[in-house]
There are 2 protein chains.
Amino acid sequence: MTVNSRSVIIDADVDRSAEARAVAAAIAIPAHVVQSKGHGHGGTAMAMAPLSHVLFSRVMRHSPSNPHWVARDRFVLSAGHASLLLYVQLFLTGYGLTLDDIAASRTLGSRTPGHPEHGHTVGVEMSTGPLGQGVASAVGMAIAARKEAATFTPGSALLDHTVWAVAGDGCLQEGVSAEASSVAGTLGLENLVLIWDDNGVTIDGPTTDAFAEDVRARYRAYGWRVLEISDATDLDGIERMLRLAATRTGRPTLVAVSTTIGAPSTVFGGQPAAHSGGFGAEEIAAVKVSLGFEAHATLAQLVSPEALAFCRRAVQRGLDLEAGWGEGFAAWAGSHPEAAQSWLAFHSGTDQQAATAALDAVEVPAPGTLVATRKTNGKVIQALTPALALWGGSADLSGSTNVTVPGTAVSATNPGGDFIHFGIREHAMAAILNGIALAGPWRPFGSTYLVFSDYLRPAMRLAALMRLPVLYVFTHDSVAVGEDGPTHQPVEQIASLRTVPRLAVIRPADAAETVAAWRRLVARPDGPAALVLSRQDVPVLGLRDGLDAGVAAGGYVAWQSGTGLDLALIATGSEVSVAIAAAEQLSADDLAVRVVSMPCVEWFADASPAYRDKVLPPNLHARVAVEAGRGDGWWRWVGLHGEVVGIDDFGESGSGAEIMTLTGVTVEHVVAAARRTLDIRL
Amino acid sequence: MTVNSRSVIIDADVDRSAEARAVAAAIAIPAHVVQSKGHGHGGTAMAMAPLSHVLFSRVMRHSPSNPHWVARDRFVLSAGHASLLLYVQLFLTGYGLTLDDIAASRTLGSRTPGHPEHGHTVGVEMSTGPLGQGVASAVGMAIAARKEAATFTPGSALLDHTVWAVAGDGCLQEGVSAEASSVAGTLGLENLVLIWDDNGVTIDGPTTDAFAEDVRARYRAYGWRVLEISDATDLDGIERMLRLAATRTGRPTLVAVSTTIGAPSTVFGGQPAAHSGGFGAEEIAAVKVSLGFEAHATLAQLVSPEALAFCRRAVQRGLDLEAGWGEGFAAWAGSHPEAAQSWLAFHSGTDQQAATAALDAVEVPAPGTLVATRKTNGKVIQALTPALALWGGSADLSGSTNVTVPGTAVSATNPGGDFIHFGIREHAMAAILNGIALAGPWRPFGSTYLVFSDYLRPAMRLAALMRLPVLYVFTHDSVAVGEDGPTHQPVEQIASLRTVPRLAVIRPADAAETVAAWRRLVARPDGPAALVLSRQDVPVLGLRDGLDAGVAAGGYVAWQSGTGLDLALIATGSEVSVAIAAAEQLSADDLAVRVVSMPCVEWFADASPAYRDKVLPPNLHARVAVEAGRGDGWWRWVGLHGEVVGIDDFGESGSGAEIMTLTGVTVEHVVAAARRTLDIRL
């Protein structure tokens, strides 16, 4: 076989009877497991078992004993509730899952949680469950595959692989999949195959109740090719169609598979009730018999040695594929030594030295200079792009969010472009970024206004859950946005984003903190981060010793007067300069005042208690936090006798300065709040 | 004219020259205003001015001097940044806006904020700006119009009216509009006309960069009719097509209007730069001249008395329409007295007596009984539906979220149905609820799992901004969801929702608090509320005096031991019983312990300081908050020396009880935390 063949040639002398038993097992196992537990989702795992068998055993290029093989096809189960569909194939084809693992599904500590979890179960390319997300992230994976190939191996098919996603009706009803599918069509992602389990029912009833549209016509309108599998049990027919789907035609492909959820159960088949829960002992016995098993076959009895052996051939086939690919790679590397070196460097991770040098080269203007943090951030992105695998785009606000980089846009004919036009599709942008981060060692970024972070949340949550190093550039970070009014003025977004576990929310006070925050982001790509940046100019603050360490610790003393400590003002972003101005006024009264800049509360909360207590001594009760947004989270740092100068209600349309004054984020209010806290005697 | 004619017959002797001048003014005003300010969005307001003129002056059924006329057509500017498009028509056709208002647009306190704000500017049916929302809420308005007509005036066209929405490319790229458009097609909303400003550019460049799909084919796939306006300046052609669009065909209608953004500017026309900002004095002068004005015409000079008089005829036309409608209504009411009475009662607001009686009839089981709050909530909804204008549905989880009501589903042929199948489209559900709430005195509700509240957020924010009485039923409210694992277990959602201004987040401890919370919701429909409900059974707590008042105040003393007060445990939902169990243990040591149940932090924060201090005395430092979720917001109530027993990270797949233990939400942890806080001596 040649390196660039995209599918596997099956031996002519296949043991069709062993294969039939393997498929029967793949159908029966979920039925058995869900019944024995009394909960879980069996119906889709049953109906789609023949297709998933064909995919994993006949069509997909993968290597079960090396699940991280770089040139493998990707499989995303967007319909994550049908996790057994995937687990059964990971068991049968030799990824290391056992029948005991399958039996233990949905129990604490098992390798088979209720929904597939990336990083937890080998072979799971992405955590799925929230519907639509897998479809949209598969689009990201397909974009990344084409980018990587175009960047490092142009003209070669070495890195060309197919991204397969399985979606249910729910996935295709969700807007995020619609947004991403339109992107996929625009970008001509010919390496993407979306398999739609067209079963005609959802939990609440027939799809005609809520989904009367012509899905096939919709996907054609997006510019997709649409294929049909009318018999979801005809293995050869399925194979023919999946192979056709993997051919490159300049368009992504939707494969509509007509299935009967819960088949071959004659009682539950095609019924909404087949979606979850057991079918009852009697009906499961009937299902087993109809599949050629004993009525009361145990889990082990469902998997004959011949059937297992048949499926496990995938291991050797994978090794053969790898070997063939390796030969092809060696030949190519021999004739393209620099490109090969460059690609290997890409996969070996960030060149810290180059990244640090790039950051050092970003000019931080002199103290007192007025510059929006979004502008400095834009310079950082431009500087880092050549040094880091930093890559991304914007939801149609690249100019305002300052994320433009030199170069060309990704398009159908230019897959190796330098930035992505996501369109006005914030949610798909975030989900696509997840797919790009999952596909390889990219540091993908996307940008929009902070207020629209609301649109991204479900995908951001998955990035956090998977600890993906995705970067969100959220500019226009407060009511200082001004004239566009309350629909465009964030108020609750910063506090709200801070509630997301594993997400770092970073709001730098000035240009210097912006660069310092990137130093930590470059050094530790351990999860997603939201950069919350000002639209308006803010002053570069005075020189601060140990700035990089202070920012990396999440918070530090940015300004201090007097000896001892009477009062601490805590602030972020554009309000740090407000706090310093207030501190200067208060210091005139012989008070010892400290301003703590806390660009990342999460990092500060994770710092050592000793460091935190040094910055904010526990016995200090006079504390005021200042941030142009909801104060919900700040009480942790100011206590019952402190105050929060924030914004509790929505803003208004007017100039940014007027709205800041109207909402009370002013030096005067901070001074007054500080005096009140100083007056409290415990 | 007859009552059920849907369009206005224009006099034959129209002054076409005055009309042409009115249209020229409508184009020139936004160009002039944006240039004079240096910011704002003029290009779309210019390009779509002829169409909006035809709509407001020739086609739409409205009554400028009575903007709340119940039978009016609705107009939603989904492309909210083009607010001048709407403001100019509200001025020209006599809604009371003045040219000074227009000149003051985007300034503090003006009636013409940057984006249209419902409740702020008369004639603005909905606050818009976040793209896609207007399209989706227009779907809700159209659903509500059909529901009201089918419910109160079956067989009559009295309440039949058309919902017009204007959308740009951005609106149609957003997933929420895609979701809602599929719903509209499924429900055959023939009273909905979506006008698409097909101008081929967005801020970042030509739509081919990110939006290469065939939008018309996509809408046909949803089951819509698609009409074309190829010349956006041909008033008669526009009128013909809009009249056709308003005819009832069993399908919603998309009108694709080919426009040139910024036309008639020859420099900016069709360019991305026409989207926002001024065109420069010279170009504006050229635009004015090309429209027949002096090069340096002032704002006042753009509006000739004849042009204004022409447009203001809309006032008398509206009064005539109202009068005609009134005659029709009187005739119908005469022959349908009971139906008329019922409809008038609907519009006169909630019958508090009936609603209270319905709530009284909901059985609260005896203390100690185990029942999930979602179940009690379901009983409340069933009880209230006949008494209140309560109406809604689910995003395909009606059974799990317990919102089923007897009756039929809304469909294309059954517009008066009792519940709505939103499909697996949480975002559109929320936006549609906004439209229903805006359409009339409904109390619409929608339901899904709490973790998926992330999908709804942009629409929830608009509900809060507009103070719409929308109810969200969010069940499965903690990691106790169990086996479905972290993608389905909310952790940050409660804390995150609490950051949204004007949104009440209510997490009742038991059946009794669930009913009590509804009492306040029924009595004060002053904004959106999220009901956060348990999947698992929770015990009905002991009898509590003043429960209704305590819940209405957001928090109250639910349990107390000893005399004096050593310690307060604060909890919500399923954790109140955990806190009580901990309090019982602690009380064995002769401590005076209080458990504060705080089902709605927002209500408690809004209670009088005296009440709050009574429940939580300021000098009490030993405080522990317990909630199965992120603790970010609880520090406000426990202070620097208190503790929060919450969940900071994502959960795992396993039984609900196991995950609660694993994440530390246990009686033991609460007791230990309480002892630590008691040990602190200040």
# chains A, B, ... in the order shown; residues from 1 in each chain; ligands from 1
$ interface_residues --of "chain B" --to "chain A" --cutoff "6 Å" --atoms "only C-alpha atoms" --output "VMD selection string"
chain B and resid 106 to 108 113 to 114 129 170 173 to 176 179 186 204 210 212 to 214 217 to 218 221 to 222 396 421 423 to 425 454 to 455 457 to 458 483 to 485 487 492 496 499 to 501 632 to 633 635 to 636 639 to 640 649 653 to 654
$ residues_around --residues "Leu159 (chain B)" --least-positions-apart "5" --cutoff "8 Å" --atoms "only C-alpha atoms" --output "list in words"
Val70, Ala71, Ala145, Glu148, Ala149 and Thr153 of chain B
$ write_last_selection --atoms "N, CA and C atoms" --output "JSON list (two decimals), in the first residue's frame"
[["chain", "number", "residue", "atom", "x", "y", "z"],
["B", 70, "VAL", "N", -52.71, 46.73, 20.19],
["B", 70, "VAL", "CA", -52.54, 45.29, 20.38],
["B", 70, "VAL", "C", -52.48, 44.52, 19.07],
["B", 71, "ALA", "N", -53.11, 45.02, 18.03],
["B", 71, "ALA", "CA", -53.17, 44.27, 16.78],
["B", 71, "ALA", "C", -52.12, 44.72, 15.77],
["B", 145, "ALA", "N", -48.17, 35.18, 18.63],
["B", 145, "ALA", "CA", -49.30, 35.79, 17.92],
["B", 145, "ALA", "C", -50.31, 34.71, 17.51],
["B", 148, "GLU", "N", -52.06, 33.25, 20.65],
["B", 148, "GLU", "CA", -53.09, 34.13, 21.20],
["B", 148, "GLU", "C", -54.35, 34.10, 20.34],
["B", 149, "ALA", "N", -54.13, 34.17, 19.02],
["B", 149, "ALA", "CA", -55.29, 34.15, 18.11],
["B", 149, "ALA", "C", -56.05, 32.83, 18.21],
["B", 153, "THR", "N", -59.39, 33.91, 19.80],
["B", 153, "THR", "CA", -60.26, 34.32, 18.69],
["B", 153, "THR", "C", -60.20, 33.30, 17.56]]
$ residues_around --residues "Ala581 (chain B)" --least-positions-apart "6" --cutoff "10 Å" --atoms "only C-alpha atoms" --output "list of chain:residue names"
B:Glu575, B:Ser587, B:Val595, B:Thr666, B:Val667, B:Glu668, B:Val670, B:Val671
$ select_by_dssp --residues "region 13-210 of chain A" --states "helix (DSSP H, G or I)" --output "JSON, numbers by chain"
{"A": [16, 17, 18, 19, 20, 21, 22, 23, 24, 25, 26, 27, 28, 29, 30, 31, 32, 33, 34, 35, 36, 37, 43, 44, 45, 46, 47, 49, 50, 51, 52, 53, 54, 55, 56, 57, 58, 59, 80, 81, 82, 83, 84, 85, 86, 87, 88, 89, 90, 91, 92, 99, 100, 101, 102, 103, 133, 134, 135, 136, 137, 138, 139, 140, 141, 142, 143, 144, 145, 146, 147, 148, 149, 150, 151, 152, 169, 170, 171, 172, 173, 175, 176, 177, 178, 179, 180, 181, 182, 183, 184, 185, 186, 207, 208, 209]}
$ atom_distance --atom1 "CA of Leu616 (chain A)" --atom2 "CA of Ala568 (chain A)"
7.4 Å
$ residues_around --residues "Val576 (chain B)" --least-positions-apart "3" --cutoff "9 Å" --atoms "only C-alpha atoms" --output "PyMOL selection string"
chain B and resi 509-510+541+558+569-573+579-581+595-598+626-627
$ atom_distance --atom1 "CA of Gln35 (chain A)" --atom2 "CA of Ser52 (chain A)"
21.2 Å
$ residues_around --residues "region 292-308 of chain A" --least-positions-apart "3" --cutoff "9 Å" --atoms "only C-alpha atoms" --output "VMD selection string"
chain A and resid 17 to 26 28 to 29 32 to 33 92 to 93 99 103 281 to 282 284 to 289 311 to 313
$ atom_distance --atom1 "CA of Asp198 (chain B)" --atom2 "CA of Ser258 (chain B)"
5.0 Å
$ residues_around --residues "Thr369 (chain B)" --least-positions-apart "4" --cutoff "9 Å" --atoms "only C-alpha atoms" --output "PDB file with C-alpha atoms, in the first residue's frame"
ATOM      1  CA  PRO B 365     -45.682  16.248  51.408  1.00  0.00           C
ATOM      2  CA  ASP B 537     -34.927  13.264  45.898  1.00  0.00           C
ATOM      3  CA  VAL B 538     -34.437  15.635  48.802  1.00  0.00           C
ATOM      4  CA  PRO B 539     -36.243  15.509  52.150  1.00  0.00           C
ATOM      5  CA  VAL B 540     -39.065  17.896  52.850  1.00  0.00           C
ATOM      6  CA  LEU B 541     -37.727  19.947  55.742  1.00  0.00           C
TER       7      LEU B 541
END
